[in-house]
Structures are given as structure tokens and as C-alpha cells.
Amino acid sequence: MSYQRYPILIAFVLIIAGCGQRPAVEDFQGRWAEKSAERIAAVISPSGDGYSVHVGWHEPGLAQYEVWEMMAAPSRSGKLAYRDGTHSWLSFELQGDTEYTEETDYTDGRGYFSLNKDGELVWTDRKDGSKTVFFRTDTVVDGIEAPELFPRVLQLCSYIPDHQLLPEAADYLTDDFYKALDKAFSAPASEDGFIDDNEWLYCLVTGNGGSLPYYSVESVLRTDPAHAVATVSVRDLWEEGGEPSGEPRLHRLDLVLQDGHWLISNFDDIKKDL
């Protein structure tokens, strides 16, 4: 048979063959970041007979976290489809509160996830008619995997040393980190005119002048079951009930889980200088 005599038939066969090349469901697994601004993140992982999907969005500087959760199942067309999507808002108080309030917007979200020709994840949300494109990433964007740690991090922020090391901070810092900080704060000033004793580490949070630190949790990344890394921002609050001022300053908290409690084990990698 001459291939030149049957071009339409050959093209039809090739099209049918191409349609059968569906992505494997394993190709969906992993972490994904929004392609345009990298502010939305998705994690897809096996769960029972389907796949658990967690999509999160957090605007830096705001004490609010937006979450979509759904169980998706493979379809004949090679997509991951769902009909039980839940959309919720988690709201946190910035100062001193260890709890958050959760407001569920809906529980009947529908849509599907597919992979385009470039291997990118495409989320088609039929509930609000939106479409979001993600690229695969090895990092977690805005703490998507650990929203439950946000209130704990806010609590821990209250015990980050500022102008003094509070004795009760020993319950919120690892033993070795607390002892290292205690020794550093008790050390005399190394130079005349430098930071006085008990203020040796004042630059950890805020400057002199009487302002209070005003915290916001930007992200929390759980690196393994017993360790996490949090990014917090701090601005100056000059009076109770007032508005914070100044540009946010970002700090890193290393966390470790000990005896069922998350503790600070390092702050901006300051431990190496103590």
C-alpha cells in the first residue's frame, strides 16, 4: 500500500494514536506554583483511591490565608476531576492571639486538573469560571503545607528576644538556644558606645525609641515531621491600638517539634554568632 495514496487515512490514524497518549496520574503528584505571580501554590498527593489536592494563597503582610481542598479522581480523558471542592478563609490576629477563625465559603466546588503540552498543571475551576496555570516547583509557596502552624508561630513571636530575654521564653525556645541567648544578653558590651548589656541582640526585632514589634506570619514550611522554617515580618507599633509603621522587616525562625510542642531553635541563623 502506498502511503502517498492515503494521506487522510494516515493522518486520522496518527490523530487517534495521539489521543491515546494520556498523562499518567503520577505526573500530577508534587508541588506546583502559580505561573504568573507565584502567590498560589498547589500540592497533589495520593490519598485512598484518588488524589488529595490542597491549593493555598496568602497575600504577604495580611493575616489571612485562602484555602481550596478537594479529592480528585482520574478521568478517562487523563484529567483529575473533583466535585467536592471546599473553599475557606483562615483569619489570624497579628498580636498575641494563638487561634484563627475559619470561614467556609462553599463545599460544592467542581472542576479538574490537566497537564498542557509543556507539562504545566492547569486548574480549571468551574465554580468561579477561572483557570490557573502552575509550574512544578521543589519549594512550598507561602506555607501551603502548614497552615496549622501559623497560630503557633504567632505565639512564639511573643518570646523572640527584643531588648531583653524573658525568663518565660525558656518554655518556647529549645534549651540550647535559650542558654546561648541568655549568655549573650548577659555579656558586657565589647566596645564603648556600643549596645549596652541586656541589649546586645536588640537588632533581632526592632530598634530603640520605644516602639513595639508588630508581627505577621508570611509563610511556614514544614521541612520534615519534626522541623519547620517560618518567615515572619515585623513593623514598629508606637502605641497600643495604633497602626504599625515602617517597611516590614523579614526574619527567619527555625522550629523544632519537641514533646508535642513547636519551639524556636534558631533566629536568622544568629546561633552561629553566639
# chains A, B, ... in the order shown; residues from 1 in each chain; ligands from 1
call {"tool": "select_by_dssp", "arguments": {"residues": "range 126-188 of chain A", "states": "alpha helix (DSSP H)", "output": "list in words"}}
result
Phe150, Pro151, Arg152, Val153, Leu154, Gln155, Leu156, Cys157, Asp175, Asp176, Phe177, Tyr178, Lys179, Ala180, Leu181, Asp182, Lys183, Ala184, Phe185 and Ser186 of chain A
call {"tool": "closest_residue", "arguments": {"among": "A:Tyr112, A:Phe135, A:Tyr159, A:Trp123", "to": "Pro213 in chain A", "atoms": "only C-alpha atoms"}}
result
A:Tyr159
call {"tool": "residues_around", "arguments": {"residues": "Ile44 in chain A", "least_positions_apart": "6", "cutoff": "6 Å", "atoms": "only C-alpha atoms", "output": "list in words"}}
result
Gln29, Gly30, Ser52 and Val53 of chain A
call {"tool": "residues_around", "arguments": {"residues": "range 227-230 of chain A", "least_positions_apart": "5", "cutoff": "8 Å", "atoms": "only C-alpha atoms", "output": "mmCIF file with N, CA and C atoms, in the first residue's frame"}}
result
data_model
loop_
_atom_site.group_PDB
_atom_site.id
_atom_site.type_symbol
_atom_site.label_atom_id
_atom_site.label_comp_id
_atom_site.auth_asym_id
_atom_site.auth_seq_id
_atom_site.Cartn_x
_atom_site.Cartn_y
_atom_site.Cartn_z
ATOM 1 N N VAL A 153 3.263 29.958 65.488
ATOM 2 C CA VAL A 153 4.357 30.879 65.187
ATOM 3 C C VAL A 153 4.064 32.263 65.768
ATOM 4 N N VAL A 217 2.856 36.616 60.154
ATOM 5 C CA VAL A 217 3.464 35.384 59.650
ATOM 6 C C VAL A 217 3.306 35.355 58.130
ATOM 7 N N GLU A 218 4.413 35.353 57.422
ATOM 8 C CA GLU A 218 4.380 35.354 55.960
ATOM 9 C C GLU A 218 4.270 33.938 55.395
ATOM 10 N N SER A 219 5.022 33.006 55.971
ATOM 11 C CA SER A 219 4.974 31.638 55.464
ATOM 12 C C SER A 219 5.515 30.680 56.508
ATOM 13 N N VAL A 220 5.103 29.417 56.386
ATOM 14 C CA VAL A 220 5.632 28.346 57.229
ATOM 15 C C VAL A 220 5.872 27.130 56.336
ATOM 16 N N LEU A 221 7.071 26.632 56.327
ATOM 17 C CA LEU A 221 7.424 25.461 55.538
ATOM 18 C C LEU A 221 7.822 24.337 56.475
ATOM 19 N N ARG A 222 7.070 23.245 56.445
ATOM 20 C CA ARG A 222 7.407 22.083 57.267
ATOM 21 C C ARG A 222 8.354 21.211 56.460
ATOM 22 N N ARG A 252 13.725 35.012 59.829
ATOM 23 C CA ARG A 252 13.561 33.557 59.696
ATOM 24 C C ARG A 252 13.589 32.909 61.075
ATOM 25 N N LEU A 253 12.605 32.048 61.327
ATOM 26 C CA LEU A 253 12.569 31.249 62.549
ATOM 27 C C LEU A 253 12.720 29.782 62.183
ATOM 28 N N ASP A 254 13.702 29.123 62.780
ATOM 29 C CA ASP A 254 13.819 27.673 62.656
ATOM 30 C C ASP A 254 13.067 27.043 63.820
ATOM 31 N N LEU A 255 12.202 26.083 63.511
ATOM 32 C CA LEU A 255 11.354 25.459 64.516
ATOM 33 C C LEU A 255 11.648 23.975 64.620
ATOM 34 N N VAL A 256 11.480 23.444 65.819
ATOM 35 C CA VAL A 256 11.655 22.014 66.036
ATOM 36 C C VAL A 256 10.518 21.539 66.944
ATOM 37 N N LEU A 257 10.024 20.340 66.685
ATOM 38 C CA LEU A 257 8.944 19.755 67.485
ATOM 39 C C LEU A 257 9.545 18.899 68.591
#
call {"tool": "atom_distance", "arguments": {"atom1": "CA of Trp89 in chain A", "atom2": "CA of Glu66 in chain A"}}
result
4.7 Å
call {"tool": "residues_around", "arguments": {"residues": "Gly85 in chain A", "least_positions_apart": "3", "cutoff": "7 Å", "atoms": "only C-alpha atoms", "output": "VMD selection string"}}
result
chain A and resid 68 to 70 82 107 to 110
call {"tool": "write_last_selection", "arguments": {"atoms": "C-alpha atoms", "output": "PDB file, in the first residue's frame"}}
result
ATOM      1  CA  TRP A  68      -9.115  25.230  48.493  1.00  0.00           C
ATOM      2  CA  GLU A  69      -9.253  21.498  49.249  1.00  0.00           C
ATOM      3  CA  MET A  70     -10.668  18.664  47.178  1.00  0.00           C
ATOM      4  CA  TYR A  82     -13.449  16.713  41.519  1.00  0.00           C
ATOM      5  CA  THR A 107     -18.272  22.902  49.827  1.00  0.00           C
ATOM      6  CA  ASP A 108     -19.573  22.043  46.350  1.00  0.00           C
ATOM      7  CA  GLY A 109     -16.732  23.208  44.135  1.00  0.00           C
ATOM      8  CA  ARG A 110     -16.331  21.427  40.779  1.00  0.00           C
TER       9      ARG A 110
END
